[in-house]
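K.L.:
Input file: structure-v6.tsv. Contents: TSV, C-alpha atoms.
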chain	number	residue	atom	x	y	z
A	1	MET	CA	8.57	19.75	31.29
A	2	GLU	CA	6.40	20.95	28.40
A	3	PRO	CA	2.84	19.54	28.44
A	4	VAL	CA	2.11	16.83	25.87
A	5	PRO	CA	-1.34	17.47	24.37
A	6	TYR	CA	-3.62	14.55	23.62
A	7	LEU	CA	-4.12	15.88	20.08
A	8	ASP	CA	-2.36	18.76	18.32
A	9	LEU	CA	-4.19	19.75	15.13
A	10	LYS	CA	-2.24	23.02	14.96
A	11	ALA	CA	0.97	21.05	14.46
A	12	GLN	CA	-0.57	19.43	11.40
A	13	MET	CA	-1.87	22.70	10.00
A	14	ARG	CA	1.31	24.75	10.22
A	15	PRO	CA	3.38	23.14	7.43
A	16	ILE	CA	0.45	22.99	4.98
A	17	ARG	CA	-1.16	26.33	5.87
A	18	ALA	CA	-0.16	28.02	2.62
A	19	GLU	CA	-1.62	25.13	0.57
A	20	LEU	CA	-4.84	25.27	2.58
A	21	ASP	CA	-5.17	29.05	2.27
A	22	ALA	CA	-4.74	28.85	-1.51
A	23	ALA	CA	-7.28	26.03	-1.85
A	24	ILE	CA	-9.88	27.77	0.31
A	25	ALA	CA	-9.32	31.07	-1.53
A	26	ARG	CA	-9.97	29.30	-4.81
A	27	THR	CA	-13.26	27.92	-3.49
A	28	LEU	CA	-14.27	31.38	-2.27
A	29	ASP	CA	-13.33	32.98	-5.60
A	30	ASN	CA	-15.36	30.37	-7.48
A	31	CYS	CA	-18.26	30.59	-5.00
A	32	SER	CA	-18.46	26.78	-5.19
A	33	PHE	CA	-19.82	26.32	-1.68
A	34	CYS	CA	-21.93	23.13	-2.04
A	35	LEU	CA	-20.19	20.28	-3.83
A	36	GLY	CA	-18.36	21.85	-6.79
A	37	PRO	CA	-15.02	21.15	-8.51
A	38	ASP	CA	-12.93	20.78	-5.34
A	39	VAL	CA	-15.27	18.11	-4.00
A	40	VAL	CA	-15.30	16.30	-7.36
A	41	GLN	CA	-11.50	16.27	-7.47
A	42	PHE	CA	-11.26	15.03	-3.90
A	43	GLU	CA	-13.71	12.23	-4.71
A	44	LYS	CA	-11.46	11.10	-7.55
A	45	ASP	CA	-8.31	11.31	-5.44
A	46	PHE	CA	-9.76	9.46	-2.48
A	47	ALA	CA	-11.32	6.70	-4.59
A	48	LYS	CA	-7.93	6.16	-6.24
A	49	LEU	CA	-6.18	6.05	-2.85
A	50	ILE	CA	-8.54	3.42	-1.43
A	51	GLY	CA	-8.96	1.48	-4.67
A	52	THR	CA	-12.65	1.83	-5.49
A	53	LYS	CA	-14.45	3.03	-8.60
A	54	HIS	CA	-16.66	5.59	-6.85
A	55	CYS	CA	-16.38	7.98	-3.91
A	56	ILE	CA	-19.48	9.95	-2.97
A	57	ALA	CA	-18.52	12.79	-0.63
A	58	MET	CA	-21.01	13.74	2.06
A	59	ASN	CA	-21.43	16.06	5.00
A	60	SER	CA	-20.49	13.42	7.60
A	61	GLY	CA	-19.54	9.80	8.13
A	62	THR	CA	-22.91	9.28	9.81
A	63	SER	CA	-24.67	10.35	6.60
A	64	ALA	CA	-22.53	7.93	4.59
A	65	LEU	CA	-23.52	5.06	6.88
A	66	HIS	CA	-27.19	6.03	6.59
A	67	ILE	CA	-27.04	6.09	2.79
A	68	ALA	CA	-25.33	2.68	2.83
A	69	MET	CA	-28.33	1.20	4.64
A	70	LEU	CA	-30.72	2.84	2.18
A	71	LEU	CA	-28.81	1.49	-0.83
A	72	LEU	CA	-29.18	-2.03	0.57
A	73	ASN	CA	-32.95	-1.46	1.06
A	74	ILE	CA	-32.67	-2.28	4.75
A	75	GLY	CA	-35.71	-1.25	6.77
A	76	PRO	CA	-38.18	-2.08	9.55
A	77	GLY	CA	-38.03	-5.70	10.70
A	78	ASP	CA	-34.50	-6.19	9.36
A	79	GLU	CA	-31.38	-6.84	11.43
A	80	VAL	CA	-27.77	-5.77	10.92
A	81	ILE	CA	-24.96	-7.49	12.81
A	82	THR	CA	-22.37	-5.09	14.16
A	83	THR	CA	-20.12	-4.32	17.12
A	84	PRO	CA	-21.18	-2.70	20.41
A	85	TYR	CA	-17.70	-1.30	20.94
A	86	THR	CA	-17.52	1.71	18.66
A	87	PHE	CA	-18.86	5.23	18.22
A	88	VAL	CA	-22.65	5.27	18.22
A	89	ALA	CA	-22.97	6.50	14.59
A	90	THR	CA	-22.48	2.92	13.39
A	91	SER	CA	-25.72	1.96	15.13
A	92	TRP	CA	-27.52	5.21	14.31
A	93	ALA	CA	-27.45	4.33	10.61
A	94	ILE	CA	-29.21	1.03	11.33
A	95	SER	CA	-31.77	2.71	13.57
A	96	TYR	CA	-32.41	5.57	11.10
A	97	VAL	CA	-33.89	3.10	8.59
A	98	GLY	CA	-35.99	1.38	11.24
A	99	ALA	CA	-33.84	-1.75	11.42
A	100	THR	CA	-32.38	-3.39	14.52
A	101	PRO	CA	-28.69	-3.49	15.46
A	102	VAL	CA	-27.64	-6.96	16.62
A	103	TYR	CA	-24.49	-6.76	18.70
A	104	VAL	CA	-21.74	-9.38	18.62
A	105	ASP	CA	-18.82	-9.24	21.03
A	106	VAL	CA	-15.31	-8.23	19.98
A	107	ASP	CA	-11.99	-10.01	19.83
A	108	ASP	CA	-9.84	-9.25	22.88
A	109	ALA	CA	-6.68	-8.58	20.86
A	110	THR	CA	-8.00	-6.18	18.22
A	111	MET	CA	-11.29	-5.05	19.84
A	112	ASN	CA	-12.95	-5.63	16.47
A	113	LEU	CA	-15.98	-7.79	15.63
A	114	ASP	CA	-15.14	-11.43	16.49
A	115	PRO	CA	-15.73	-13.58	13.37
A	116	LYS	CA	-16.13	-16.71	15.52
A	117	LEU	CA	-19.32	-15.24	17.04
A	118	VAL	CA	-20.91	-13.67	13.98
A	119	GLU	CA	-22.45	-16.73	12.32
A	120	LYS	CA	-24.33	-17.67	15.51
A	121	ALA	CA	-26.07	-14.28	15.44
A	122	ILE	CA	-27.47	-14.65	11.90
A	123	THR	CA	-31.26	-15.07	11.66
A	124	PRO	CA	-33.73	-14.98	8.75
A	125	ARG	CA	-34.05	-11.24	9.45
A	126	THR	CA	-30.33	-10.51	9.06
A	127	LYS	CA	-29.72	-8.26	6.05
A	128	ALA	CA	-26.08	-7.16	6.44
A	129	ILE	CA	-22.89	-7.43	8.47
A	130	MET	CA	-21.15	-4.18	9.41
A	131	PRO	CA	-17.70	-4.49	11.04
A	132	VAL	CA	-15.78	-1.44	12.24
A	133	HIS	CA	-12.03	-1.08	11.75
A	134	LEU	CA	-11.70	0.21	15.29
A	135	TYR	CA	-8.93	2.63	16.23
A	136	GLY	CA	-7.49	2.15	12.73
A	137	HIS	CA	-6.85	-1.59	13.11
A	138	PRO	CA	-8.49	-3.70	10.36
A	139	ALA	CA	-11.22	-6.13	11.29
A	140	ASP	CA	-10.45	-9.73	10.28
A	141	LEU	CA	-12.12	-9.42	6.89
A	142	ASP	CA	-11.53	-12.80	5.19
A	143	PRO	CA	-13.56	-14.92	7.64
A	144	LEU	CA	-16.21	-12.20	7.84
A	145	MET	CA	-16.45	-12.09	4.03
A	146	GLU	CA	-16.67	-15.90	3.94
A	147	ILE	CA	-19.59	-15.85	6.38
A	148	ALA	CA	-21.28	-13.04	4.43
A	149	LYS	CA	-20.90	-14.93	1.16
A	150	LYS	CA	-22.16	-18.21	2.67
A	151	HIS	CA	-25.35	-16.49	3.85
A	152	ASN	CA	-25.69	-14.16	0.84
A	153	LEU	CA	-25.28	-11.05	3.00
A	154	PRO	CA	-23.62	-7.77	2.03
A	155	LEU	CA	-20.69	-6.64	4.16
A	156	VAL	CA	-20.39	-2.91	4.79
A	157	GLU	CA	-17.06	-1.65	6.14
A	158	ASP	CA	-17.21	1.16	8.70
A	159	SER	CA	-13.78	2.57	7.89
A	160	ALA	CA	-14.29	5.89	9.68
A	161	GLN	CA	-11.07	5.45	11.69
A	162	ALA	CA	-9.00	3.47	9.20
A	163	HIS	CA	-7.79	5.71	6.38
A	164	CYS	CA	-4.85	3.89	4.71
A	165	ALA	CA	-5.05	0.82	6.97
A	166	LYS	CA	-4.29	-2.47	5.20
A	167	TYR	CA	-5.55	-6.03	5.56
A	168	LYS	CA	-3.17	-8.68	4.18
A	169	GLY	CA	-1.63	-5.97	2.01
A	170	ARG	CA	-5.00	-4.81	0.67
A	171	SER	CA	-6.55	-1.46	1.49
A	172	VAL	CA	-9.45	-1.64	3.90
A	173	GLY	CA	-12.50	0.14	2.54
A	174	ALA	CA	-12.33	-1.72	-0.76
A	175	GLN	CA	-13.21	-5.23	0.44
A	176	GLY	CA	-16.94	-5.22	1.21
A	177	ILE	CA	-19.82	-4.14	-1.02
A	178	MET	CA	-19.24	-0.58	0.20
A	179	SER	CA	-17.40	1.35	2.89
A	180	CYS	CA	-17.98	4.51	4.88
A	181	TYR	CA	-15.42	7.08	5.99
A	182	SER	CA	-15.48	10.04	8.34
A	183	PHE	CA	-13.45	13.22	7.91
A	184	TYR	CA	-14.28	14.68	11.30
A	185	PRO	CA	-11.41	17.07	12.22
A	186	GLY	CA	-9.77	14.65	14.66
A	187	LYS	CA	-9.68	11.78	12.17
A	188	ASN	CA	-6.44	10.76	10.42
A	189	LEU	CA	-7.75	12.59	7.35
A	190	GLY	CA	-9.77	15.44	8.81
A	191	ALA	CA	-11.76	18.27	7.29
A	192	ALA	CA	-12.05	21.80	8.68
A	193	GLY	CA	-15.43	20.77	10.04
A	194	GLU	CA	-17.66	17.80	9.25
A	195	GLY	CA	-17.27	15.47	6.30
A	196	GLY	CA	-17.69	11.87	5.18
A	197	ALA	CA	-17.75	9.62	2.14
A	198	LEU	CA	-19.28	6.44	0.79
A	199	LEU	CA	-17.01	4.29	-1.40
A	200	LEU	CA	-18.18	1.51	-3.70
A	201	ASN	CA	-17.79	-0.04	-7.16
A	202	ASP	CA	-21.39	-0.55	-8.31
A	203	ASP	CA	-22.42	2.09	-10.88
A	204	ALA	CA	-26.16	1.95	-10.18
A	205	MET	CA	-25.70	2.18	-6.42
A	206	ALA	CA	-23.28	5.09	-6.85
A	207	ALA	CA	-25.78	6.98	-9.00
A	208	ARG	CA	-28.53	6.43	-6.44
A	209	ALA	CA	-26.22	7.53	-3.60
A	210	ARG	CA	-25.42	10.77	-5.42
A	211	ALA	CA	-29.14	11.44	-5.84
A	212	LEU	CA	-29.97	10.58	-2.24
A	213	ARG	CA	-27.36	12.99	-0.87
A	214	GLU	CA	-28.97	15.78	-2.94
A	215	HIS	CA	-32.64	15.61	-1.99
A	216	GLY	CA	-33.32	12.49	-4.07
A	217	SER	CA	-32.74	14.49	-7.24
A	218	THR	CA	-30.73	14.09	-10.44
A	219	VAL	CA	-32.51	16.97	-12.18
A	220	ARG	CA	-33.11	20.05	-10.06
A	221	TYR	CA	-36.63	20.28	-8.61
A	222	TYR	CA	-37.49	16.73	-9.77
A	223	HIS	CA	-37.31	14.15	-6.97
A	224	ASP	CA	-37.41	10.43	-7.70
A	225	GLU	CA	-37.47	9.36	-4.05
A	226	VAL	CA	-37.28	10.90	-0.59
A	227	GLY	CA	-33.76	12.29	-0.30
A	228	TYR	CA	-31.50	14.13	2.10
A	229	ASN	CA	-29.32	17.20	2.26
A	230	TYR	CA	-26.06	15.29	2.74
A	231	ARG	CA	-23.84	17.26	0.34
A	232	MET	CA	-20.23	18.00	1.20
A	233	GLU	CA	-19.38	21.70	1.36
A	234	GLY	CA	-16.95	23.03	-1.23
A	235	ILE	CA	-14.52	24.33	1.39
A	236	GLN	CA	-14.30	20.88	2.98
A	237	GLY	CA	-13.52	19.40	-0.43
A	238	ALA	CA	-10.77	21.98	-0.87
A	239	VAL	CA	-9.24	21.23	2.54
A	240	LEU	CA	-9.43	17.47	2.06
A	241	GLY	CA	-8.00	17.81	-1.44
A	242	VAL	CA	-4.86	19.30	0.11
A	243	LYS	CA	-4.68	16.86	3.01
A	244	VAL	CA	-5.21	13.69	0.99
A	245	LYS	CA	-1.82	14.28	-0.64
A	246	HIS	CA	-0.19	13.92	2.80
A	247	ILE	CA	-2.23	11.08	4.30
A	248	GLU	CA	0.16	8.25	3.41
A	249	ALA	CA	3.11	10.07	5.00
A	250	TRP	CA	1.00	10.92	8.05
A	251	THR	CA	-0.04	7.28	8.36
A	252	ALA	CA	3.59	6.14	8.33
A	253	ALA	CA	4.34	8.70	11.04
A	254	ARG	CA	1.46	7.41	13.18
A	255	GLN	CA	2.76	3.88	12.77
A	256	ARG	CA	6.18	5.07	13.95
A	257	VAL	CA	4.63	6.56	17.10
A	258	GLY	CA	2.60	3.43	17.80
A	259	ARG	CA	5.58	1.11	17.46
A	260	HIS	CA	7.73	3.38	19.60
A	261	TYR	CA	5.09	3.14	22.34
A	262	HIS	CA	5.15	-0.67	21.97
A	263	GLU	CA	8.86	-0.70	22.75
A	264	LEU	CA	8.73	1.76	25.63
A	265	LEU	CA	5.70	0.29	27.38
A	266	ALA	CA	6.27	-3.42	26.70
A	267	ASP	CA	7.27	-4.29	30.28
A	268	THR	CA	4.46	-2.36	32.00
A	269	PRO	CA	1.26	-4.01	33.33
A	270	LEU	CA	-0.74	-2.33	30.57
A	271	GLN	CA	-2.55	-4.34	27.92
A	272	LEU	CA	-1.18	-2.70	24.78
A	273	PRO	CA	-2.75	-2.61	21.32
A	274	ARG	CA	-1.81	-5.76	19.44
A	275	GLU	CA	-1.30	-5.45	15.70
A	276	ALA	CA	-2.27	-8.72	14.04
A	277	SER	CA	0.26	-10.35	11.69
A	278	TRP	CA	-2.07	-9.69	8.75
A	279	ALA	CA	-2.74	-6.06	9.64
A	280	GLU	CA	-1.23	-2.64	9.04
A	281	SER	CA	-3.02	-0.41	11.50
A	282	ALA	CA	-3.57	3.24	10.68
A	283	TYR	CA	-3.15	3.99	14.42
A	284	HIS	CA	-6.02	6.44	14.63
A	285	LEU	CA	-5.85	5.90	18.38
A	286	TYR	CA	-3.39	4.21	20.71
A	287	VAL	CA	-5.59	2.60	23.34
A	288	VAL	CA	-4.15	0.84	26.39
A	289	ARG	CA	-6.14	-1.10	28.97
A	290	HIS	CA	-5.75	-1.49	32.72
A	291	PRO	CA	-8.10	-2.03	35.71
A	292	LYS	CA	-6.82	1.19	37.32
A	293	ARG	CA	-7.77	3.27	34.29
A	294	GLU	CA	-9.24	6.17	36.26
A	295	GLU	CA	-6.20	6.48	38.52
A	296	LEU	CA	-3.83	6.33	35.54
A	297	LYS	CA	-5.86	8.96	33.70
A	298	LYS	CA	-5.71	11.35	36.65
A	299	TYR	CA	-1.98	10.73	37.11
A	300	LEU	CA	-1.23	11.49	33.45
A	301	GLU	CA	-3.33	14.65	33.55
A	302	ASP	CA	-1.71	15.78	36.80
A	303	ASN	CA	1.65	15.38	35.07
A	304	LYS	CA	0.49	17.38	32.02
A	305	VAL	CA	0.16	14.42	29.67
A	306	GLY	CA	-3.05	14.47	27.65
A	307	CYS	CA	-5.24	11.36	27.39
A	308	ALA	CA	-8.85	10.54	26.55
A	309	LEU	CA	-11.60	7.97	27.04
A	310	HIS	CA	-13.16	6.43	23.96
A	311	TYR	CA	-16.35	4.43	24.40
A	312	PRO	CA	-16.50	4.01	28.20
A	313	LEU	CA	-19.98	2.48	27.86
A	314	PRO	CA	-20.62	-0.06	25.06
A	315	LEU	CA	-23.64	0.48	22.84
A	316	HIS	CA	-25.64	-2.52	24.07
A	317	LEU	CA	-25.74	-0.91	27.54
A	318	GLN	CA	-26.61	2.60	26.37
A	319	LYS	CA	-29.96	4.02	27.51
A	320	CYS	CA	-31.03	4.67	23.91
A	321	TYR	CA	-30.90	0.91	23.21
A	322	ALA	CA	-32.36	-0.29	26.52
A	323	SER	CA	-35.39	-1.66	24.66
A	324	ARG	CA	-33.13	-4.23	23.01
A	325	GLY	CA	-32.98	-6.05	26.35
A	326	TYR	CA	-29.22	-6.47	26.66
A	327	LYS	CA	-27.84	-6.65	30.19
A	328	LYS	CA	-24.43	-6.32	31.77
A	329	GLY	CA	-22.47	-9.51	31.23
A	330	ASP	CA	-23.94	-10.31	27.81
A	331	LEU	CA	-20.87	-9.10	25.87
A	332	PRO	CA	-18.02	-9.42	28.37
A	333	VAL	CA	-15.03	-8.49	26.19
A	334	SER	CA	-16.63	-5.23	25.07
A	335	GLU	CA	-17.66	-4.42	28.63
A	336	LYS	CA	-14.21	-5.10	30.08
A	337	SER	CA	-12.56	-3.04	27.35
A	338	SER	CA	-14.91	-0.14	28.02
A	339	GLU	CA	-14.07	-0.21	31.72
A	340	GLN	CA	-10.30	-0.34	31.18
A	341	CYS	CA	-9.57	1.61	27.97
A	342	LEU	CA	-7.47	4.78	27.90
A	343	SER	CA	-6.21	6.58	24.80
A	344	LEU	CA	-2.67	7.97	24.87
A	345	PRO	CA	-1.54	10.87	22.65
A	346	ILE	CA	-0.84	9.90	19.06
A	347	TYR	CA	-0.52	12.15	16.02
A	348	PRO	CA	1.96	12.28	13.12
A	349	GLU	CA	3.85	15.30	14.42
A	350	MET	CA	4.73	13.81	17.82
A	351	THR	CA	8.43	14.14	18.56
A	352	ASP	CA	10.55	11.43	20.13
A	353	ALA	CA	10.82	13.66	23.20
A	354	GLN	CA	7.02	13.78	23.51
A	355	ILE	CA	6.67	10.02	23.04
A	356	ASN	CA	9.38	9.40	25.61
A	357	ARG	CA	7.68	11.81	28.02
A	358	VAL	CA	4.33	9.99	27.74
A	359	ALA	CA	6.05	6.65	28.32
A	360	GLU	CA	8.12	7.99	31.20
A	361	VAL	CA	5.10	9.35	33.07
A	362	THR	CA	3.10	6.17	32.37
A	363	ARG	CA	5.91	3.98	33.67
A	364	SER	CA	6.31	6.13	36.77
A	365	PHE	CA	2.65	5.54	37.64
A	366	PHE	CA	3.33	1.82	37.99
A	367	ALA	CA	6.65	2.39	39.77
A	368	LYS	CA	5.29	4.62	42.51
Please lay out the structure from this file as C-alpha cells.

P.N.:
Amino acid sequence: MEPVPYLDLKAQMRPIRAELDAAIARTLDNCSFCLGPDVVQFEKDFAKLIGTKHCIAMNSGTSALHIAMLLLNIGPGDEVITTPYTFVATSWAISYVGATPVYVDVDDATMNLDPKLVEKAITPRTKAIMPVHLYGHPADLDPLMEIAKKHNLPLVEDSAQAHCAKYKGRSVGAQGIMSCYSFYPGKNLGAAGEGGALLLNDDAMAARARALREHGSTVRYYHDEVGYNYRMEGIQGAVLGVKVKHIEAWTAARQRVGRHYHELLADTPLQLPREASWAESAYHLYVVRHPKREELKKYLEDNKVGCALHYPLPLHLQKCYASRGYKKGDLPVSEKSSEQCLSLPIYPEMTDAQINRVAEVTRSFFAK
C-alpha cells in the first residue's frame, strides 16, 4: 500500500502552481519585497472573507498576538485569561508585554476554553480574555462574550487555526474586539514561509497597529512610540493572495475528510473530535484521544500512516511557566487530553482511498 503522509503540501501546490508563479514573478518584477501592493490586496480580501473592516498583515501570528496586547495597553501586573491547551504563542504574547497568563481548563468535548470556569478566574487584575479556536473548532463565544461584557473586558480571538470556521453561522475572527491569524505553511491558509494578521473594526486601533508593525512609524524616520519590524513580506502577500481565493473550497474539503473519519471510526474505542451543534469546524487538525496513544502512534507509523502529536505538555506545566506555581492535577481535562491526543492526517486533497487506509489501519490496531 502507498504511504499516507500526515500532511501533503505538494498536493495543494500542484494545481495552483501557475497562479503562484505568476504572482511571485509580479512581486519580483515590482521589487515590492516588504509590504507593497500584493500585501495590501490580500489585506482587503482577507478582511472581506472574515467580515471585519481592517486586516493588518504581519510577519507571523505570534506578532499579531503581541500587537493585540499592546493595543489593549496590557502590561506588567495585568492578567489575561486563556487556555493552557494550545500552541505556546498564545501565552508568549501575554508574557512579551510583561503580563501574566491565567490558565483555565478546557471543555472535554471541544478542547476549547470552558466558559463555565472563566468567570471564577477573573480578578481585579484581569484585563482581557483570549480563547483559542483550537484545531479549527470554534470556542463557545456567546457565553464568553457575555462574561467579557459583564466585567467590561475585551475578548481577543486567537483564530490561528480557524480560517473559515463558523460559530452559529457567523465567521469566527469577527466576534471579539480583535482576532489574530497565523499563515504558517501548515495552516489551512498557509504562506510560503511565515505570516500572520490582526483583524479588527476600530479605526484608531488599526492605525496604531499599522504603525507598530513598522517601527512605530507613520512617517519614515519619525517614531511616535517604540515599534517593531513585524511587516509581512511582499512575496507572502502574493502567495496568500492566490490561496485566499481557494480557502472556502479547501475548508469544505477538510470538512468532508473529517466527517468521513467520523463515520469510519465511530465504533472504535477512540474519543473522536465532537463538532458542537452550533459549530462549523475548519478541521485544521483531526485529533483523536486514547490512553494507548504511544502504541497507536507507533502502529500507524509502522504501517506507513503519518500522524503527529500536538501539545503533549500543556502550557501550565511547561518549564518556562514553572514560576506560575501550577502543578499536575490543577487542570485535569487539559492534562488528560495532552496525554492521549494524536493527530491523524487531514488535508483537502486527501482521497477516499487515503481516508479509508487511515481508518483501516487504525481499526486494525484495536482488532489485533

K.L.:
Determine, counting only C-alpha atoms, which protein, DNA and RNA residues have an atom within 12 Å of an atom of A:Val118; residues of the same chain fewer than 3 positions away are not included. Present the result as a PyMOL selection string.

P.N.:
chain A and resi 80-83+102-107+112-115+121-123+126+128-131+140+143-148+151

K.L.:
Work out how far atom CA of A:Ala238 is from atom CA of A:Asp38, in Å to one decimal.

P.N.:
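It comes out at 5.1 Å.
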
K.L.:
Between stretch 230-268 of chain A and stretch 176-198 of chain A, at 7 Å or less, what are the per-residue closest atom pairs and their distances in Å? Count only C-alpha atoms, order by chain and rising residue number, and return it as a Markdown table.

P.N.:
| residue | atom | partner | partner_atom | distance |
| --- | --- | --- | --- | --- |
| A:Met232 | CA | A:Gly195 | CA | 6.4 |
| A:Gln236 | CA | A:Ala191 | CA | 5.6 |
| A:Val239 | CA | A:Ala191 | CA | 6.1 |
| A:Leu240 | CA | A:Ala191 | CA | 5.8 |
| A:Lys243 | CA | A:Leu189 | CA | 6.8 |
| A:Val244 | CA | A:Leu189 | CA | 6.9 |
| A:Ile247 | CA | A:Leu189 | CA | 6.5 |

K.L.:
So which residues touch A:Thr52 within 9 Å, counting all atoms listed in the file, skipping near sequence neighbours fewer than 2 positions away, as an MDAnalysis selection string?

P.N.:
chainID A and resid 46:50 54:55 173:174 199:201

K.L.:
May I have the protein, DNA and RNA residues with any atom at most 9 Å from the point (-14.6, 20.2, -2.7), counting only C-alpha atoms, written as a PDB file with C-alpha atoms, in the frame of the given file?

P.N.:
ATOM      1  CA  THR A  27     -13.260  27.920  -3.490  1.00  0.00           C
ATOM      2  CA  SER A  32     -18.460  26.780  -5.190  1.00  0.00           C
ATOM      3  CA  PHE A  33     -19.820  26.320  -1.680  1.00  0.00           C
ATOM      4  CA  CYS A  34     -21.930  23.130  -2.040  1.00  0.00           C
ATOM      5  CA  LEU A  35     -20.190  20.280  -3.830  1.00  0.00           C
ATOM      6  CA  GLY A  36     -18.360  21.850  -6.790  1.00  0.00           C
ATOM      7  CA  PRO A  37     -15.020  21.150  -8.510  1.00  0.00           C
ATOM      8  CA  ASP A  38     -12.930  20.780  -5.340  1.00  0.00           C
ATOM      9  CA  VAL A  39     -15.270  18.110  -4.000  1.00  0.00           C
ATOM     10  CA  VAL A  40     -15.300  16.300  -7.360  1.00  0.00           C
ATOM     11  CA  GLN A  41     -11.500  16.270  -7.470  1.00  0.00           C
ATOM     12  CA  PHE A  42     -11.260  15.030  -3.900  1.00  0.00           C
ATOM     13  CA  GLU A  43     -13.710  12.230  -4.710  1.00  0.00           C
ATOM     14  CA  ALA A  57     -18.520  12.790  -0.630  1.00  0.00           C
ATOM     15  CA  MET A 232     -20.230  18.000   1.200  1.00  0.00           C
ATOM     16  CA  GLU A 233     -19.380  21.700   1.360  1.00  0.00           C
ATOM     17  CA  GLY A 234     -16.950  23.030  -1.230  1.00  0.00           C
ATOM     18  CA  ILE A 235     -14.520  24.330   1.390  1.00  0.00           C
ATOM     19  CA  GLN A 236     -14.300  20.880   2.980  1.00  0.00           C
ATOM     20  CA  GLY A 237     -13.520  19.400  -0.430  1.00  0.00           C
ATOM     21  CA  ALA A 238     -10.770  21.980  -0.870  1.00  0.00           C
ATOM     22  CA  VAL A 239      -9.240  21.230   2.540  1.00  0.00           C
ATOM     23  CA  LEU A 240      -9.430  17.470   2.060  1.00  0.00           C
ATOM     24  CA  GLY A 241      -8.000  17.810  -1.440  1.00  0.00           C
TER      25      GLY A 241
END

K.L.:
Suppose you want the space between atom CA of A:Asp8 and atom CA of A:Val172; what is it in Å?

P.N.:
26.0 Å

K.L.:
With all atoms listed in the file as the basis for distance, which of A:Val358, A:Leu309, A:Ala18, A:Ala249 is at the shortest distance from A:Ser338?

P.N.:
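Smallest distance to A:Ser338 is found for A:Leu309.
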
K.L.:
Pick out the closest residue to A:Ile56 from this set: A:Arg254, A:Ala109, A:Glu295, A:Ala207. Count all atoms listed in the file.

P.N.:
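So, comparing all the options, the nearest one is A:Ala207.
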
K.L.:
Using all atoms listed in the file for the distances, tell me which of A:Pro3, A:Gly98, A:Pro291, A:Pro312 is nearest to A:Met69.

P.N.:
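Ranked by minimum distance to A:Met69, first place goes to A:Gly98.
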
K.L.:
Report as a count of residues only all protein, DNA and RNA residues lying within 10 Å of stretch 264-274 of chain A, evaluated on all atoms listed in the file, omitting residues in the same chain fewer than 5 positions from it.

P.N.:
33

K.L.:
With all atoms listed in the file as the counted atoms, please give the residues lying no more than 7 Å from A:Gly216, apart from itself and same-chain residues fewer than 5 positions off, as an mmCIF file with C-alpha atoms, in the coordinates of the input.

P.N.:
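For reference, selection.cif as written:
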data_model
loop_
_atom_site.group_PDB
_atom_site.id
_atom_site.type_symbol
_atom_site.label_atom_id
_atom_site.label_comp_id
_atom_site.auth_asym_id
_atom_site.auth_seq_id
_atom_site.Cartn_x
_atom_site.Cartn_y
_atom_site.Cartn_z
ATOM 1 C CA ALA A 211 -29.140 11.440 -5.840
ATOM 2 C CA HIS A 223 -37.310 14.150 -6.970
ATOM 3 C CA ASP A 224 -37.410 10.430 -7.700
ATOM 4 C CA GLU A 225 -37.470 9.360 -4.050
ATOM 5 C CA VAL A 226 -37.280 10.900 -0.590
ATOM 6 C CA GLY A 227 -33.760 12.290 -0.300
ATOM 7 C CA TYR A 228 -31.500 14.130 2.100
#

K.L.:
Of the candidates A:Leu212, A:Arg17, A:Tyr347, A:Glu335, which one gets nearest to A:Ala64 if we count all atoms listed in the file?

P.N.:
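Ranking A:Leu212, A:Arg17, A:Tyr347, A:Glu335 by distance to A:Ala64, first place goes to A:Leu212.
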
K.L.:
Please measure the separation of atom CA of A:Val132 and atom CA of A:Ile94, giving the value in Å to one decimal.

P.N.:
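Pair atom CA of A:Val132 / atom CA of A:Ile94 returns 13.7 Å.
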
K.L.:
Nearest residue to A:Glu248 out of A:Ser171, A:Asn229, A:Ser60, A:Ser277, using all atoms listed in the file?

P.N.:
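Closest to A:Glu248, using all atoms listed in the file: A:Ser171.
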
K.L.:
For A:Ala11, list every protein, DNA or RNA residue within 10 Å, evaluated using all atoms listed in the file, and leave out those in the same chain fewer than 3 positions away; present the list as a PyMOL selection string.

P.N.:
chain A and resi 7-8+14-16+347-350

K.L.:
With distances taken over all atoms listed in the file, which of A:Ala139, A:Leu296, A:Val88, A:Ala204 is nearest to A:Thr62?

P.N.:
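Closest residue, counting all atoms listed in the file: A:Val88.
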
K.L.:
Just need stretch 141-163 of chain A in a file, please: C-alpha atoms, as a JSON list (two decimals), in the first residue's frame.

P.N.:
[["chain", "number", "residue", "atom", "x", "y", "z"],
["A", 141, "LEU", "CA", -18.22, 32.52, 22.01],
["A", 142, "ASP", "CA", -21.64, 33.72, 23.22],
["A", 143, "PRO", "CA", -21.17, 32.84, 26.91],
["A", 144, "LEU", "CA", -17.57, 34.06, 26.76],
["A", 145, "MET", "CA", -18.70, 37.36, 25.24],
["A", 146, "GLU", "CA", -21.41, 37.66, 27.90],
["A", 147, "ILE", "CA", -18.83, 37.22, 30.66],
["A", 148, "ALA", "CA", -16.48, 39.70, 28.97],
["A", 149, "LYS", "CA", -19.25, 42.28, 28.64],
["A", 150, "LYS", "CA", -20.40, 41.80, 32.25],
["A", 151, "HIS", "CA", -16.87, 42.52, 33.52],
["A", 152, "ASN", "CA", -16.04, 45.15, 30.89],
["A", 153, "LEU", "CA", -13.21, 43.04, 29.45],
["A", 154, "PRO", "CA", -12.10, 42.86, 25.81],
["A", 155, "LEU", "CA", -12.21, 39.43, 24.17],
["A", 156, "VAL", "CA", -9.40, 38.64, 21.73],
["A", 157, "GLU", "CA", -9.91, 35.65, 19.44],
["A", 158, "ASP", "CA", -6.85, 33.52, 18.70],
["A", 159, "SER", "CA", -8.07, 32.28, 15.32],
["A", 160, "ALA", "CA", -4.70, 30.96, 14.14],
["A", 161, "GLN", "CA", -6.17, 27.54, 13.34],
["A", 162, "ALA", "CA", -9.70, 28.53, 12.37],
["A", 163, "HIS", "CA", -9.75, 30.17, 8.94]]
